[in-house]
Amino acid sequence: MMAKSGLSSGEQCIKYIIFGFNFIFWLAGTGVLAVGLWLRFDERTKGLFTGQDSPSVFLTGVYVFIVAGAIMMVVGFLGCCGAIRESACMLGLFFVFLLIIFAAEVAAGIWGLSNQEQIVSDVQQFYTQTFNNYKDTKQEALKETLRAIHYGLKCCGTTGTVIDGASDICPKKEGLEVLVTTSCPDAIREIFTSRLHIIGGVGIGIGVIMIFGMIFSMLLCCAIRRTRDIV
């Protein structure tokens, strides 16, 4: 109890900022993990994980969601407990994990920028493969995946025409609008090119938050060590 009373009002403020930040981070990790597990085990999508023609981009994305969510929960837990219990050890682990995540984010950003064309090509290939598999098999899991893509990107098929044979899972259009529907490969490329600055801005924002998280955790860790040395 004496160690707690040794923190100044500013250090107490940092303590609760770290706790609040990590509680939100833990909740976000729970959500990411839940989405990943839902995509993996939901009746409408788990069929995508079986068979030789399973789309590798989708599978990789789902497993990344699961792993990232689990890591976020661990980091959030360490930050919350380290702050509220004033544990220098937990705060040190939190700092190390946050530093690793920050380094991974920077590396992923650099890799993504340098391999943008390959990423776009892989996602387009995933869509085309899924679309062709659906036309051949009519699997419900593939149907739900395509429906989500079509309505999310407001596109239809590989050519953007009803001739593709997927009008039942495409956004409904009337009259001449049917003739000007965007193909999904084109819509995918447009998303990556037109929204790149948004993705970059979000990444930079997350990076800045992580930097402040590391700074605050080190400040609090040093303050806790100092008060215990005094005691």
# chains A, B, ... in the order shown; residues from 1 in each chain; ligands from 1
>>> closest_atom_pairs(of="segment 76-169 of chain A", to="segment 185-205 of chain A", cutoff="8 Å", atoms="only C-alpha atoms", output="tab-separated table")
residue	atom	partner	partner_atom	distance
A:Glu105	CA	A:Gly203	CA	7.8
A:Gly109	CA	A:Gly203	CA	7.9
A:Val120	CA	A:Arg189	CA	6.2
A:Val123	CA	A:Ile188	CA	7.5
A:Gln124	CA	A:Pro185	CA	5.2
A:Tyr127	CA	A:Pro185	CA	7.4
A:Thr128	CA	A:Pro185	CA	7.7
A:Leu153	CA	A:Ala187	CA	6.4
A:Lys154	CA	A:Ala187	CA	8.0
A:Cys155	CA	A:Ala187	CA	6.6
A:Thr158	CA	A:Pro185	CA	6.3
>>> residues_around(residues="segment 206-213 of chain A", least_positions_apart="5", cutoff="12 Å", atoms="only C-alpha atoms", output="PyMOL selection string")
chain A and resi 14-22+25+75-76+79-80+83+91-92+94-107+109+199-201+218-221
>>> write_last_selection(atoms="C-alpha atoms", output="PDB file, in the first residue's frame")
ATOM      1  CA  ILE A  14      -0.765   7.951 -16.180  1.00  0.00           C
ATOM      2  CA  LYS A  15      -1.613   4.743 -14.340  1.00  0.00           C
ATOM      3  CA  TYR A  16      -5.335   5.048 -15.075  1.00  0.00           C
ATOM      4  CA  ILE A  17      -4.711   6.200 -18.651  1.00  0.00           C
ATOM      5  CA  ILE A  18      -2.705   3.018 -19.235  1.00  0.00           C
ATOM      6  CA  PHE A  19      -5.432   0.938 -17.604  1.00  0.00           C
ATOM      7  CA  GLY A  20      -8.162   2.516 -19.743  1.00  0.00           C
ATOM      8  CA  PHE A  21      -6.127   2.213 -22.939  1.00  0.00           C
ATOM      9  CA  ASN A  22      -5.389  -1.448 -22.308  1.00  0.00           C
ATOM     10  CA  PHE A  25      -7.208  -2.778 -26.371  1.00  0.00           C
ATOM     11  CA  VAL A  75      -1.064  -7.531 -24.233  1.00  0.00           C
ATOM     12  CA  GLY A  76      -4.198  -5.785 -22.953  1.00  0.00           C
ATOM     13  CA  GLY A  79      -1.186  -3.647 -19.418  1.00  0.00           C
ATOM     14  CA  CYS A  80      -4.336  -3.612 -17.283  1.00  0.00           C
ATOM     15  CA  ALA A  83      -1.108  -0.675 -14.192  1.00  0.00           C
ATOM     16  CA  LEU A  91       4.542  -3.292 -17.300  1.00  0.00           C
ATOM     17  CA  GLY A  92       7.953  -4.335 -18.599  1.00  0.00           C
ATOM     18  CA  PHE A  94       3.689  -5.013 -21.760  1.00  0.00           C
ATOM     19  CA  PHE A  95       6.363  -2.647 -23.106  1.00  0.00           C
ATOM     20  CA  VAL A  96       8.239  -5.513 -24.802  1.00  0.00           C
ATOM     21  CA  PHE A  97       5.076  -6.905 -26.421  1.00  0.00           C
ATOM     22  CA  LEU A  98       4.009  -3.453 -27.576  1.00  0.00           C
ATOM     23  CA  LEU A  99       7.462  -2.828 -29.038  1.00  0.00           C
ATOM     24  CA  ILE A 100       7.300  -6.137 -30.939  1.00  0.00           C
ATOM     25  CA  ILE A 101       3.816  -5.322 -32.273  1.00  0.00           C
ATOM     26  CA  PHE A 102       4.976  -1.848 -33.300  1.00  0.00           C
ATOM     27  CA  ALA A 103       7.986  -3.296 -35.139  1.00  0.00           C
ATOM     28  CA  ALA A 104       5.736  -5.868 -36.829  1.00  0.00           C
ATOM     29  CA  GLU A 105       3.310  -3.125 -37.894  1.00  0.00           C
ATOM     30  CA  VAL A 106       6.127  -1.058 -39.419  1.00  0.00           C
ATOM     31  CA  ALA A 107       7.505  -4.135 -41.198  1.00  0.00           C
ATOM     32  CA  GLY A 109       3.449  -1.531 -43.711  1.00  0.00           C
ATOM     33  CA  ILE A 199      -5.273   2.639 -44.592  1.00  0.00           C
ATOM     34  CA  GLY A 200      -1.959   4.453 -44.163  1.00  0.00           C
ATOM     35  CA  GLY A 201      -3.546   7.072 -41.905  1.00  0.00           C
ATOM     36  CA  MET A 218       8.044   3.150 -19.022  1.00  0.00           C
ATOM     37  CA  LEU A 219       7.251   6.307 -17.041  1.00  0.00           C
ATOM     38  CA  LEU A 220       4.941   4.373 -14.729  1.00  0.00           C
ATOM     39  CA  CYS A 221       7.381   1.467 -14.437  1.00  0.00           C
TER      40      CYS A 221
END
>>> closest_residue(among="A:Trp26, A:Phe216, A:Phe65, A:Phe126", to="Cys13 of chain A", atoms="only C-alpha atoms")
A:Phe216
>>> atom_distance(atom1="atom CA of Ala88 of chain A", atom2="atom CA of Ile224 of chain A")
6.5 Å
>>> select_by_dssp(residues="segment 15-230 of chain A", states="helix (DSSP H, G or I)", output="PyMOL selection string")
chain A and resi 15-41+46-49+56-84+88-114+116-137+140-153+162-164+167-169+175-180+184-194+196-230
>>> atom_distance(atom1="atom CA of Ile24 of chain A", atom2="atom CA of Gly61 of chain A")
22.9 Å
